[in-house]
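File shown: protein-v1.pdb. Contents: PDB, C-alpha atoms and all ligand atoms.
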```
ATOM      1  CA  MET D   1     168.408 153.354 142.025  1.00  0.00           C
ATOM      2  CA  ALA D   2     168.903 155.584 145.004  1.00  0.00           C
ATOM      3  CA  VAL D   3     170.679 158.768 145.915  1.00  0.00           C
ATOM      4  CA  LEU D   4     173.179 157.935 148.655  1.00  0.00           C
ATOM      5  CA  LYS D   5     174.323 160.066 151.544  1.00  0.00           C
ATOM      6  CA  ILE D   6     177.716 161.684 150.893  1.00  0.00           C
ATOM      7  CA  CYS D   7     180.242 161.463 153.737  1.00  0.00           C
ATOM      8  CA  THR D   8     182.060 164.672 154.574  1.00  0.00           C
ATOM      9  CA  ALA D   9     185.566 165.406 155.883  1.00  0.00           C
ATOM     10  CA  GLY D  10     185.973 164.097 159.401  1.00  0.00           C
ATOM     11  CA  ASN D  11     184.308 160.788 158.562  1.00  0.00           C
ATOM     12  CA  PRO D  12     187.009 158.105 159.040  1.00  0.00           C
ATOM     13  CA  VAL D  13     185.948 156.212 155.890  1.00  0.00           C
ATOM     14  CA  LEU D  14     187.481 159.047 153.852  1.00  0.00           C
ATOM     15  CA  LYS D  15     190.905 158.378 155.412  1.00  0.00           C
ATOM     16  CA  GLN D  16     190.957 154.637 154.756  1.00  0.00           C
ATOM     17  CA  VAL D  17     192.782 152.897 151.927  1.00  0.00           C
ATOM     18  CA  ALA D  18     189.920 151.293 150.010  1.00  0.00           C
ATOM     19  CA  LYS D  19     189.918 147.557 149.280  1.00  0.00           C
ATOM     20  CA  PRO D  20     190.132 146.177 145.739  1.00  0.00           C
ATOM     21  CA  VAL D  21     186.952 144.752 144.235  1.00  0.00           C
ATOM     22  CA  GLU D  22     187.256 140.993 143.883  1.00  0.00           C
ATOM     23  CA  LYS D  23     184.104 140.196 141.998  1.00  0.00           C
ATOM     24  CA  ILE D  24     181.542 142.087 140.004  1.00  0.00           C
ATOM     25  CA  ASP D  25     178.246 140.996 141.488  1.00  0.00           C
ATOM     26  CA  LYS D  26     174.777 142.471 141.884  1.00  0.00           C
ATOM     27  CA  ARG D  27     175.835 144.389 144.963  1.00  0.00           C
ATOM     28  CA  LEU D  28     178.618 146.080 142.998  1.00  0.00           C
ATOM     29  CA  THR D  29     176.440 146.949 139.987  1.00  0.00           C
ATOM     30  CA  ARG D  30     173.849 148.388 142.393  1.00  0.00           C
ATOM     31  CA  LEU D  31     176.613 150.462 144.010  1.00  0.00           C
ATOM     32  CA  LEU D  32     177.719 151.742 140.575  1.00  0.00           C
ATOM     33  CA  ASN D  33     174.135 152.664 139.634  1.00  0.00           C
ATOM     34  CA  ASN D  34     173.595 154.469 142.916  1.00  0.00           C
ATOM     35  CA  MET D  35     176.946 156.270 142.718  1.00  0.00           C
ATOM     36  CA  VAL D  36     176.122 157.600 139.228  1.00  0.00           C
ATOM     37  CA  GLU D  37     172.712 158.768 140.411  1.00  0.00           C
ATOM     38  CA  THR D  38     174.229 160.367 143.514  1.00  0.00           C
ATOM     39  CA  MET D  39     176.919 162.157 141.448  1.00  0.00           C
ATOM     40  CA  TYR D  40     174.273 163.648 139.144  1.00  0.00           C
ATOM     41  CA  ALA D  41     171.958 164.575 142.021  1.00  0.00           C
ATOM     42  CA  ALA D  42     174.835 166.411 143.711  1.00  0.00           C
ATOM     43  CA  GLU D  43     175.950 167.989 140.401  1.00  0.00           C
ATOM     44  CA  GLY D  44     179.444 166.587 140.822  1.00  0.00           C
ATOM     45  CA  VAL D  45     181.826 165.510 138.058  1.00  0.00           C
ATOM     46  CA  GLY D  46     183.100 162.499 139.977  1.00  0.00           C
ATOM     47  CA  LEU D  47     182.437 160.369 143.015  1.00  0.00           C
ATOM     48  CA  ALA D  48     184.491 157.708 144.768  1.00  0.00           C
ATOM     49  CA  ALA D  49     182.939 154.831 146.733  1.00  0.00           C
ATOM     50  CA  PRO D  50     184.454 155.917 150.096  1.00  0.00           C
ATOM     51  CA  GLN D  51     182.452 159.144 149.720  1.00  0.00           C
ATOM     52  CA  VAL D  52     179.269 157.084 150.053  1.00  0.00           C
ATOM     53  CA  GLY D  53     180.680 155.033 152.919  1.00  0.00           C
ATOM     54  CA  GLU D  54     181.948 152.060 150.853  1.00  0.00           C
ATOM     55  CA  SER D  55     185.659 151.457 151.272  1.00  0.00           C
ATOM     56  CA  ARG D  56     186.084 149.808 147.870  1.00  0.00           C
ATOM     57  CA  ARG D  57     188.177 150.781 144.839  1.00  0.00           C
ATOM     58  CA  VAL D  58     185.353 152.120 142.680  1.00  0.00           C
ATOM     59  CA  VAL D  59     184.889 155.589 141.130  1.00  0.00           C
ATOM     60  CA  VAL D  60     182.426 157.142 138.707  1.00  0.00           C
ATOM     61  CA  ILE D  61     183.230 160.194 136.575  1.00  0.00           C
ATOM     62  CA  ASP D  62     181.324 162.364 134.110  1.00  0.00           C
ATOM     63  CA  VAL D  63     183.045 165.626 133.243  1.00  0.00           C
ATOM     64  CA  GLY D  64     180.175 166.660 130.997  1.00  0.00           C
ATOM     65  CA  ASP D  65     181.325 165.308 127.653  1.00  0.00           C
ATOM     66  CA  GLY D  66     178.623 162.651 127.549  1.00  0.00           C
ATOM     67  CA  VAL D  67     180.793 159.789 128.755  1.00  0.00           C
ATOM     68  CA  VAL D  68     180.242 158.150 132.125  1.00  0.00           C
ATOM     69  CA  TYR D  69     183.302 156.305 133.349  1.00  0.00           C
ATOM     70  CA  GLU D  70     182.602 153.550 135.840  1.00  0.00           C
ATOM     71  CA  MET D  71     186.007 152.480 137.081  1.00  0.00           C
ATOM     72  CA  ILE D  72     186.601 149.370 139.141  1.00  0.00           C
ATOM     73  CA  ASN D  73     190.119 148.922 140.581  1.00  0.00           C
ATOM     74  CA  PRO D  74     191.531 151.870 138.612  1.00  0.00           C
ATOM     75  CA  VAL D  75     195.296 152.385 138.428  1.00  0.00           C
ATOM     76  CA  ILE D  76     197.165 155.320 136.898  1.00  0.00           C
ATOM     77  CA  THR D  77     199.855 153.809 134.681  1.00  0.00           C
ATOM     78  CA  LYS D  78     201.338 156.976 133.173  1.00  0.00           C
ATOM     79  CA  LYS D  79     201.530 160.662 134.181  1.00  0.00           C
ATOM     80  CA  GLU D  80     202.926 163.567 132.197  1.00  0.00           C
ATOM     81  CA  GLY D  81     203.260 167.302 132.639  1.00  0.00           C
ATOM     82  CA  THR D  82     201.699 169.534 135.255  1.00  0.00           C
ATOM     83  CA  TYR D  83     198.360 171.266 135.321  1.00  0.00           C
ATOM     84  CA  LEU D  84     197.089 173.695 137.936  1.00  0.00           C
ATOM     85  CA  SER D  85     193.354 174.029 138.388  1.00  0.00           C
ATOM     86  CA  THR D  86     190.691 174.831 140.925  1.00  0.00           C
ATOM     87  CA  GLU D  87     189.122 171.786 142.549  1.00  0.00           C
ATOM     88  CA  GLY D  88     186.199 171.184 144.792  1.00  0.00           C
ATOM     89  CA  CYS D  89     184.869 168.035 146.403  1.00  0.00           C
ATOM     90  CA  LEU D  90     181.410 166.856 147.416  1.00  0.00           C
ATOM     91  CA  SER D  91     182.957 165.691 150.690  1.00  0.00           C
ATOM     92  CA  VAL D  92     184.493 169.103 151.397  1.00  0.00           C
ATOM     93  CA  PRO D  93     181.615 171.348 150.317  1.00  0.00           C
ATOM     94  CA  GLU D  94     182.849 174.471 152.077  1.00  0.00           C
ATOM     95  CA  TYR D  95     186.183 174.850 150.230  1.00  0.00           C
ATOM     96  CA  SER D  96     187.662 175.115 146.777  1.00  0.00           C
ATOM     97  CA  GLY D  97     191.385 175.121 146.146  1.00  0.00           C
ATOM     98  CA  GLU D  98     194.202 175.275 143.636  1.00  0.00           C
ATOM     99  CA  VAL D  99     195.814 171.881 143.108  1.00  0.00           C
ATOM    100  CA  GLU D 100     198.704 170.947 140.850  1.00  0.00           C
ATOM    101  CA  ARG D 101     198.221 167.612 139.106  1.00  0.00           C
ATOM    102  CA  ALA D 102     199.631 165.826 136.088  1.00  0.00           C
ATOM    103  CA  ALA D 103     198.255 167.286 132.832  1.00  0.00           C
ATOM    104  CA  TYR D 104     197.985 163.876 131.176  1.00  0.00           C
ATOM    105  CA  VAL D 105     197.331 160.479 132.657  1.00  0.00           C
ATOM    106  CA  GLU D 106     196.683 156.999 131.435  1.00  0.00           C
ATOM    107  CA  CYS D 107     194.445 154.976 133.680  1.00  0.00           C
ATOM    108  CA  GLU D 108     193.612 151.282 133.558  1.00  0.00           C
ATOM    109  CA  TYR D 109     190.431 150.026 135.132  1.00  0.00           C
ATOM    110  CA  THR D 110     187.835 147.279 134.920  1.00  0.00           C
ATOM    111  CA  ASN D 111     184.376 148.160 133.633  1.00  0.00           C
ATOM    112  CA  ARG D 112     181.126 146.633 134.897  1.00  0.00           C
ATOM    113  CA  GLN D 113     181.321 143.982 132.152  1.00  0.00           C
ATOM    114  CA  GLY D 114     184.609 142.837 133.646  1.00  0.00           C
ATOM    115  CA  GLU D 115     186.734 144.114 130.765  1.00  0.00           C
ATOM    116  CA  ARG D 116     190.056 145.781 131.463  1.00  0.00           C
ATOM    117  CA  MET D 117     189.995 149.250 129.877  1.00  0.00           C
ATOM    118  CA  LEU D 118     192.509 152.035 129.277  1.00  0.00           C
ATOM    119  CA  VAL D 119     191.617 155.718 129.211  1.00  0.00           C
ATOM    120  CA  GLN D 120     193.981 158.462 128.066  1.00  0.00           C
ATOM    121  CA  ALA D 121     192.963 161.716 129.721  1.00  0.00           C
ATOM    122  CA  ARG D 122     194.008 165.346 129.622  1.00  0.00           C
ATOM    123  CA  GLU D 123     193.243 168.400 131.741  1.00  0.00           C
ATOM    124  CA  LEU D 124     189.772 168.247 133.374  1.00  0.00           C
ATOM    125  CA  LEU D 125     189.304 164.503 132.940  1.00  0.00           C
ATOM    126  CA  ALA D 126     192.904 163.872 134.010  1.00  0.00           C
ATOM    127  CA  VAL D 127     192.412 166.063 137.090  1.00  0.00           C
ATOM    128  CA  CYS D 128     189.176 164.312 137.937  1.00  0.00           C
ATOM    129  CA  ILE D 129     190.737 160.853 137.646  1.00  0.00           C
ATOM    130  CA  GLN D 130     193.625 161.884 139.916  1.00  0.00           C
ATOM    131  CA  HIS D 131     191.250 163.494 142.442  1.00  0.00           C
ATOM    132  CA  GLU D 132     188.928 160.472 142.579  1.00  0.00           C
ATOM    133  CA  LEU D 133     191.773 157.936 142.774  1.00  0.00           C
ATOM    134  CA  ASP D 134     193.227 159.900 145.699  1.00  0.00           C
ATOM    135  CA  HIS D 135     189.951 159.219 147.545  1.00  0.00           C
ATOM    136  CA  LEU D 136     190.694 155.483 147.217  1.00  0.00           C
ATOM    137  CA  ASP D 137     193.934 156.060 149.117  1.00  0.00           C
ATOM    138  CA  GLY D 138     192.342 158.194 151.800  1.00  0.00           C
ATOM    139  CA  VAL D 139     193.607 161.514 150.417  1.00  0.00           C
ATOM    140  CA  LEU D 140     191.477 164.658 150.104  1.00  0.00           C
ATOM    141  CA  PHE D 141     192.325 167.538 147.750  1.00  0.00           C
ATOM    142  CA  ILE D 142     192.615 169.925 150.702  1.00  0.00           C
ATOM    143  CA  GLU D 143     195.791 168.050 151.716  1.00  0.00           C
ATOM    144  CA  LYS D 144     197.372 168.800 148.311  1.00  0.00           C
ATOM    145  CA  ALA D 145     195.986 172.270 147.647  1.00  0.00           C
ATOM    146  CA  LYS D 146     198.404 175.185 147.276  1.00  0.00           C
ATOM    147  CA  SER D 147     195.658 177.510 148.468  1.00  0.00           C
ATOM    148  CA  LEU D 148     192.111 177.128 149.753  1.00  0.00           C
ATOM    149  CA  THR D 149     189.144 179.440 149.381  1.00  0.00           C
ATOM    150  CA  VAL D 150     186.044 179.356 151.542  1.00  0.00           C
ATOM    151  CA  LYS D 151     183.069 179.040 149.238  1.00  0.00           C
ATOM    152  CA  LYS D 152     180.226 181.427 149.668  1.00  0.00           C
ATOM    153  CA  ASP D 153     177.035 179.640 150.602  1.00  0.00           C
ATOM    154  CA  THR D 154     175.006 179.967 147.433  1.00  0.00           C
ATOM    155  CA  GLU D 155     172.084 177.878 148.644  1.00  0.00           C
ATOM    156  CA  GLU D 156     169.004 179.843 149.653  1.00  0.00           C
TER     157      GLU D 156
HETATM  158 CO    CO D 201     186.394 164.526 146.037  1.00  0.00          CO
END
```
Output the file's structure in the form of structure tokens.
Ligand code: CO
Amino acid sequence: MAVLKICTAGNPVLKQVAKPVEKIDKRLTRLLNNMVETMYAAEGVGLAAPQVGESRRVVVIDVGDGVVYEMINPVITKKEGTYLSTEGCLSVPEYSGEVERAAYVECEYTNRQGERMLVQARELLAVCIQHELDHLDGVLFIEKAKSLTVKKDTEE
């Protein structure tokens, strides 16, 4: 496995609509492995393939409850309620911002075994799914944020 370079805002790959995955092959499983490793190395709770320069409909998520979601061709099939929270993004490291999302979502996706799955998610996981799926459509949270805050540089 390898830690991949994360693309930051201004890189055109982040503005593209990502292409659906057509087959689950070695290249895709390697991408999933590397995305999970990259997400953990960067201490993120989610990562979308365009963030590592791959314009494909793939995201990985781990909000810290011990479950790693590896989502291929994910689609949100139901949204309910509203939920305001503070988001950040590994591709926009200098800002955090308040974003209003649905409080509950249902999301269908294919796992690496090729099975179609359904996840029902609330609050943090729901926010994360919506944030990561936006990346697949070329949308960054800073475009949806009600307010943005410049993060203090805590490194060094
Ligand atoms: Co992001």
If I put a ball of radius 10 Å at (180.5, 148.5, 134.2) in the file's coordinates, which residues poke into it when counting all atoms listed in the file, written as a CSV table (one decimal) with C-alpha atoms, keeping the file's coordinate frame?
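Full text of result_0.csv as output:
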```
chain,number,residue,atom,x,y,z
D,24,ILE,CA,181.5,142.1,140.0
D,28,LEU,CA,178.6,146.1,143.0
D,29,THR,CA,176.4,146.9,140.0
D,32,LEU,CA,177.7,151.7,140.6
D,33,ASN,CA,174.1,152.7,139.6
D,60,VAL,CA,182.4,157.1,138.7
D,68,VAL,CA,180.2,158.2,132.1
D,69,TYR,CA,183.3,156.3,133.3
D,70,GLU,CA,182.6,153.6,135.8
D,71,MET,CA,186.0,152.5,137.1
D,72,ILE,CA,186.6,149.4,139.1
D,110,THR,CA,187.8,147.3,134.9
D,111,ASN,CA,184.4,148.2,133.6
D,112,ARG,CA,181.1,146.6,134.9
D,113,GLN,CA,181.3,144.0,132.2
D,114,GLY,CA,184.6,142.8,133.6
D,115,GLU,CA,186.7,144.1,130.8
```
Inset, instruction - May I have the residues within 7 Å of D:Leu118 as a ChimeraX atom specification, using all atoms listed in the file and disregarding those fewer than 4 positions away in the same chain? - result: /D:106-109
Just the selected residues (C-alpha atoms), exported as a PDB file, in the frame of the given file, please.
```pdb
ATOM      1  CA  GLU D 106     196.683 156.999 131.435  1.00  0.00           C
ATOM      2  CA  CYS D 107     194.445 154.976 133.680  1.00  0.00           C
ATOM      3  CA  GLU D 108     193.612 151.282 133.558  1.00  0.00           C
ATOM      4  CA  TYR D 109     190.431 150.026 135.132  1.00  0.00           C
TER       5      TYR D 109
END
```
Taking only residues of stretch 29-126 of chain D that have an atom at most 12 Å from an atom of stretch 9-12 of chain D, what is each one's shortest atom pair and its distance in Å to one decimal, using all atoms listed in the file, in chain and number order, as a Markdown table?
```
| residue | atom | partner | partner_atom | distance |
| --- | --- | --- | --- | --- |
| D:Pro50 | CA | D:Pro12 | CA | 9.6 |
| D:Gln51 | CA | D:Asn11 | CA | 9.2 |
| D:Val52 | CA | D:Asn11 | CA | 10.6 |
| D:Gly53 | CA | D:Asn11 | CA | 8.8 |
| D:Glu54 | CA | D:Pro12 | CA | 11.4 |
| D:Ser55 | CA | D:Pro12 | CA | 10.3 |
| D:Cys89 | CA | D:Ala9 | CA | 9.9 |
| D:Leu90 | CA | D:Ala9 | CA | 9.5 |
| D:Ser91 | CA | D:Ala9 | CA | 5.8 |
| D:Val92 | CA | D:Ala9 | CA | 5.9 |
| D:Pro93 | CA | D:Ala9 | CA | 9.0 |
| D:Glu94 | CA | D:Ala9 | CA | 10.2 |
| D:Tyr95 | CA | D:Ala9 | CA | 11.0 |
```
For the selection you just gave me, I'd like the residues written to a file as a PDB file, keeping the file's coordinate frame, keeping C-alpha atoms.
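Result file is out.pdb:
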```pdb
ATOM      1  CA  PRO D  50     184.454 155.917 150.096  1.00  0.00           C
ATOM      2  CA  GLN D  51     182.452 159.144 149.720  1.00  0.00           C
ATOM      3  CA  VAL D  52     179.269 157.084 150.053  1.00  0.00           C
ATOM      4  CA  GLY D  53     180.680 155.033 152.919  1.00  0.00           C
ATOM      5  CA  GLU D  54     181.948 152.060 150.853  1.00  0.00           C
ATOM      6  CA  SER D  55     185.659 151.457 151.272  1.00  0.00           C
ATOM      7  CA  CYS D  89     184.869 168.035 146.403  1.00  0.00           C
ATOM      8  CA  LEU D  90     181.410 166.856 147.416  1.00  0.00           C
ATOM      9  CA  SER D  91     182.957 165.691 150.690  1.00  0.00           C
ATOM     10  CA  VAL D  92     184.493 169.103 151.397  1.00  0.00           C
ATOM     11  CA  PRO D  93     181.615 171.348 150.317  1.00  0.00           C
ATOM     12  CA  GLU D  94     182.849 174.471 152.077  1.00  0.00           C
ATOM     13  CA  TYR D  95     186.183 174.850 150.230  1.00  0.00           C
TER      14      TYR D  95
END
```
Applied to this file, what does the PyMOL selection byres (((chain D and resi 81) around 8) and not hetatm) return in terms of residues, put as an mmCIF file with C-alpha atoms, in the coordinates of the input?
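Dumped to out_1.cif:
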```
data_model
loop_
_atom_site.group_PDB
_atom_site.id
_atom_site.type_symbol
_atom_site.label_atom_id
_atom_site.label_comp_id
_atom_site.auth_asym_id
_atom_site.auth_seq_id
_atom_site.Cartn_x
_atom_site.Cartn_y
_atom_site.Cartn_z
ATOM 1 C CA LYS D 79 201.530 160.662 134.181
ATOM 2 C CA GLU D 80 202.926 163.567 132.197
ATOM 3 C CA THR D 82 201.699 169.534 135.255
ATOM 4 C CA TYR D 83 198.360 171.266 135.321
ATOM 5 C CA ALA D 102 199.631 165.826 136.088
ATOM 6 C CA ALA D 103 198.255 167.286 132.832
ATOM 7 C CA TYR D 104 197.985 163.876 131.176
#
```
Inset, instruction - Using all atoms listed in the file, find each protein or nucleic acid residue lying at most 7 Å from ligand CO 201 (chain D); present the set as a list in words. - result: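 If we count all atoms listed in the file, the neighbours of ligand CO 201 (chain D) turn out to be Leu47, Gly88, Cys89, Leu90, Ser91, His131, Glu132, His135, Leu140 and Phe141 of chain D.
For the residues D:Asp25, D:Val127, D:Ile142, D:Val45, ranking by smallest atom-to-atom distance to D:Asp65 using only C-alpha atoms places D:Val45 first.
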Legend entry - Residue IDs satisfying the PyMOL selection byres (((chain D and resi 121) around 6) and not hetatm), as a PyMOL selection string: chain D and resi 104-105+120+122+125-126
Output C-alpha atoms for every residue in that selection, as a PDB file, in the frame of the given file.
```pdb
ATOM      1  CA  TYR D 104     197.985 163.876 131.176  1.00  0.00           C
ATOM      2  CA  VAL D 105     197.331 160.479 132.657  1.00  0.00           C
ATOM      3  CA  GLN D 120     193.981 158.462 128.066  1.00  0.00           C
ATOM      4  CA  ARG D 122     194.008 165.346 129.622  1.00  0.00           C
ATOM      5  CA  LEU D 125     189.304 164.503 132.940  1.00  0.00           C
ATOM      6  CA  ALA D 126     192.904 163.872 134.010  1.00  0.00           C
TER       7      ALA D 126
END
```
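Minimum distance to D:Leu84 across D:Val59, D:Leu124, D:Val139, D:Met39 (counting all atoms listed in the file) occurs at D:Leu124.
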Legend entry - Interatomic distance, atom CA of D:Ala145 to atom CA of D:Val99 (Å, one decimal):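 Separation of atom CA of D:Ala145 and atom CA of D:Val99: 4.6 Å.
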Legend entry - Hits of the PyMOL selection byres (((chain D and resi 57) around 7) and not hetatm) in this structure, as a count of residues only: 12
Inset, instruction - Dump as a list of chain:residue names all residues having an atom at most 12 Å from (168.5, 168.6, 146.3), computed in the file's coordinates with all atoms listed in the file. - result: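 Looking at atoms near the point gives D:Val3, D:Leu4, D:Lys5, D:Thr38, D:Met39, D:Tyr40, D:Ala41, D:Ala42, D:Glu43, D:Glu155, D:Glu156.
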Exercise on stretch 135-143 of chain D, axis-aligned box with 5 Å per side, report centre and edge lengths in Å to one decimal, as AutoDock Vina command-line options:
```
--center_x 192.9 --center_y 162.7 --center_z 149.5 --size_x 15.8 --size_y 24.4 --size_z 14.6
```
Inset, instruction - Find the residue from D:Met117, D:Cys128, D:Thr86, D:Val67 that sits nearest to D:Lys146; use all atoms listed in the file when measuring. - result: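 Result for the nearest residue to D:Lys146: D:Thr86.
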Legend entry - Separation of atom CA of D:Asn34 from atom CA of D:Ala2 in Å: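 So the two atoms, atom CA of D:Ala2 and atom CA of D:Asn34, lie 5.3 Å apart.
We find atom CA of D:Glu123 and atom CA of D:Glu87 to be spaced 12.1 Å apart.
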Write a file for stretch 127-136 of chain D, containing all heavy atoms (output as a PDB file, in the first residue's frame).
```
ATOM      1  N   VAL D 127     -23.229  13.408   7.023  1.00  0.00           N
ATOM      2  CA  VAL D 127     -22.510  14.588   6.523  1.00  0.00           C
ATOM      3  C   VAL D 127     -21.328  14.151   5.670  1.00  0.00           C
ATOM      4  O   VAL D 127     -21.085  14.661   4.569  1.00  0.00           O
ATOM      5  CB  VAL D 127     -22.016  15.466   7.703  1.00  0.00           C
ATOM      6  CG1 VAL D 127     -20.976  16.483   7.234  1.00  0.00           C
ATOM      7  CG2 VAL D 127     -23.198  16.181   8.358  1.00  0.00           C
ATOM      8  N   CYS D 128     -20.598  13.171   6.183  1.00  0.00           N
ATOM      9  CA  CYS D 128     -19.400  12.709   5.499  1.00  0.00           C
ATOM     10  C   CYS D 128     -19.755  12.109   4.128  1.00  0.00           C
ATOM     11  O   CYS D 128     -19.105  12.398   3.124  1.00  0.00           O
ATOM     12  CB  CYS D 128     -18.698  11.690   6.400  1.00  0.00           C
ATOM     13  SG  CYS D 128     -17.031  11.401   5.905  1.00  0.00           S
ATOM     14  N   ILE D 129     -20.810  11.312   4.090  1.00  0.00           N
ATOM     15  CA  ILE D 129     -21.235  10.731   2.813  1.00  0.00           C
ATOM     16  C   ILE D 129     -21.581  11.841   1.827  1.00  0.00           C
ATOM     17  O   ILE D 129     -21.152  11.828   0.664  1.00  0.00           O
ATOM     18  CB  ILE D 129     -22.436   9.778   3.026  1.00  0.00           C
ATOM     19  CG1 ILE D 129     -21.964   8.504   3.745  1.00  0.00           C
ATOM     20  CG2 ILE D 129     -23.109   9.438   1.703  1.00  0.00           C
ATOM     21  CD1 ILE D 129     -23.104   7.605   4.227  1.00  0.00           C
ATOM     22  N   GLN D 130     -22.329  12.847   2.284  1.00  0.00           N
ATOM     23  CA  GLN D 130     -22.740  13.931   1.381  1.00  0.00           C
ATOM     24  C   GLN D 130     -21.526  14.738   0.911  1.00  0.00           C
ATOM     25  O   GLN D 130     -21.429  15.120  -0.260  1.00  0.00           O
ATOM     26  CB  GLN D 130     -23.760  14.839   2.078  1.00  0.00           C
ATOM     27  CG  GLN D 130     -25.095  14.120   2.311  1.00  0.00           C
ATOM     28  CD  GLN D 130     -26.009  14.900   3.248  1.00  0.00           C
ATOM     29  OE1 GLN D 130     -26.721  15.805   2.811  1.00  0.00           O
ATOM     30  NE2 GLN D 130     -25.985  14.565   4.535  1.00  0.00           N
ATOM     31  N   HIS D 131     -20.584  14.985   1.822  1.00  0.00           N
ATOM     32  CA  HIS D 131     -19.369  15.730   1.481  1.00  0.00           C
ATOM     33  C   HIS D 131     -18.540  14.959   0.438  1.00  0.00           C
ATOM     34  O   HIS D 131     -18.116  15.537  -0.575  1.00  0.00           O
ATOM     35  CB  HIS D 131     -18.560  15.964   2.766  1.00  0.00           C
ATOM     36  CG  HIS D 131     -17.238  16.637   2.574  1.00  0.00           C
ATOM     37  ND1 HIS D 131     -16.933  17.861   3.122  1.00  0.00           N
ATOM     38  CD2 HIS D 131     -16.114  16.256   1.897  1.00  0.00           C
ATOM     39  CE1 HIS D 131     -15.702  18.199   2.780  1.00  0.00           C
ATOM     40  NE2 HIS D 131     -15.182  17.241   2.046  1.00  0.00           N
ATOM     41  N   GLU D 132     -18.343  13.660   0.693  1.00  0.00           N
ATOM     42  CA  GLU D 132     -17.499  12.875  -0.221  1.00  0.00           C
ATOM     43  C   GLU D 132     -18.177  12.698  -1.583  1.00  0.00           C
ATOM     44  O   GLU D 132     -17.515  12.762  -2.617  1.00  0.00           O
ATOM     45  CB  GLU D 132     -17.153  11.513   0.382  1.00  0.00           C
ATOM     46  CG  GLU D 132     -16.362  11.559   1.690  1.00  0.00           C
ATOM     47  CD  GLU D 132     -15.146  12.465   1.652  1.00  0.00           C
ATOM     48  OE1 GLU D 132     -14.532  12.644   0.584  1.00  0.00           O
ATOM     49  OE2 GLU D 132     -14.807  13.035   2.712  1.00  0.00           O
ATOM     50  N   LEU D 133     -19.507  12.477  -1.581  1.00  0.00           N
ATOM     51  CA  LEU D 133     -20.190  12.312  -2.869  1.00  0.00           C
ATOM     52  C   LEU D 133     -20.175  13.613  -3.671  1.00  0.00           C
ATOM     53  O   LEU D 133     -20.118  13.576  -4.895  1.00  0.00           O
ATOM     54  CB  LEU D 133     -21.617  11.787  -2.684  1.00  0.00           C
ATOM     55  CG  LEU D 133     -21.714  10.250  -2.784  1.00  0.00           C
ATOM     56  CD1 LEU D 133     -20.916   9.542  -1.722  1.00  0.00           C
ATOM     57  CD2 LEU D 133     -23.147   9.785  -2.806  1.00  0.00           C
ATOM     58  N   ASP D 134     -20.194  14.758  -2.987  1.00  0.00           N
ATOM     59  CA  ASP D 134     -20.042  16.028  -3.705  1.00  0.00           C
ATOM     60  C   ASP D 134     -18.727  16.066  -4.479  1.00  0.00           C
ATOM     61  O   ASP D 134     -18.675  16.582  -5.600  1.00  0.00           O
ATOM     62  CB  ASP D 134     -20.066  17.208  -2.721  1.00  0.00           C
ATOM     63  CG  ASP D 134     -21.479  17.725  -2.445  1.00  0.00           C
ATOM     64  OD1 ASP D 134     -22.444  17.249  -3.075  1.00  0.00           O
ATOM     65  OD2 ASP D 134     -21.601  18.632  -1.598  1.00  0.00           O
ATOM     66  N   HIS D 135     -17.657  15.513  -3.886  1.00  0.00           N
ATOM     67  CA  HIS D 135     -16.365  15.493  -4.596  1.00  0.00           C
ATOM     68  C   HIS D 135     -16.487  14.774  -5.948  1.00  0.00           C
ATOM     69  O   HIS D 135     -15.798  15.125  -6.901  1.00  0.00           O
ATOM     70  CB  HIS D 135     -15.308  14.762  -3.766  1.00  0.00           C
ATOM     71  CG  HIS D 135     -14.641  15.605  -2.713  1.00  0.00           C
ATOM     72  ND1 HIS D 135     -13.897  16.726  -3.022  1.00  0.00           N
ATOM     73  CD2 HIS D 135     -14.575  15.473  -1.372  1.00  0.00           C
ATOM     74  CE1 HIS D 135     -13.413  17.244  -1.890  1.00  0.00           C
ATOM     75  NE2 HIS D 135     -13.814  16.517  -0.881  1.00  0.00           N
ATOM     76  N   LEU D 136     -17.364  13.754  -6.010  1.00  0.00           N
ATOM     77  CA  LEU D 136     -17.508  12.998  -7.257  1.00  0.00           C
ATOM     78  C   LEU D 136     -18.201  13.823  -8.330  1.00  0.00           C
ATOM     79  O   LEU D 136     -18.144  13.493  -9.511  1.00  0.00           O
ATOM     80  CB  LEU D 136     -18.278  11.696  -7.000  1.00  0.00           C
ATOM     81  CG  LEU D 136     -17.689  10.781  -5.912  1.00  0.00           C
ATOM     82  CD1 LEU D 136     -18.497   9.499  -5.819  1.00  0.00           C
ATOM     83  CD2 LEU D 136     -16.215  10.471  -6.184  1.00  0.00           C
TER      84      LEU D 136
END
```
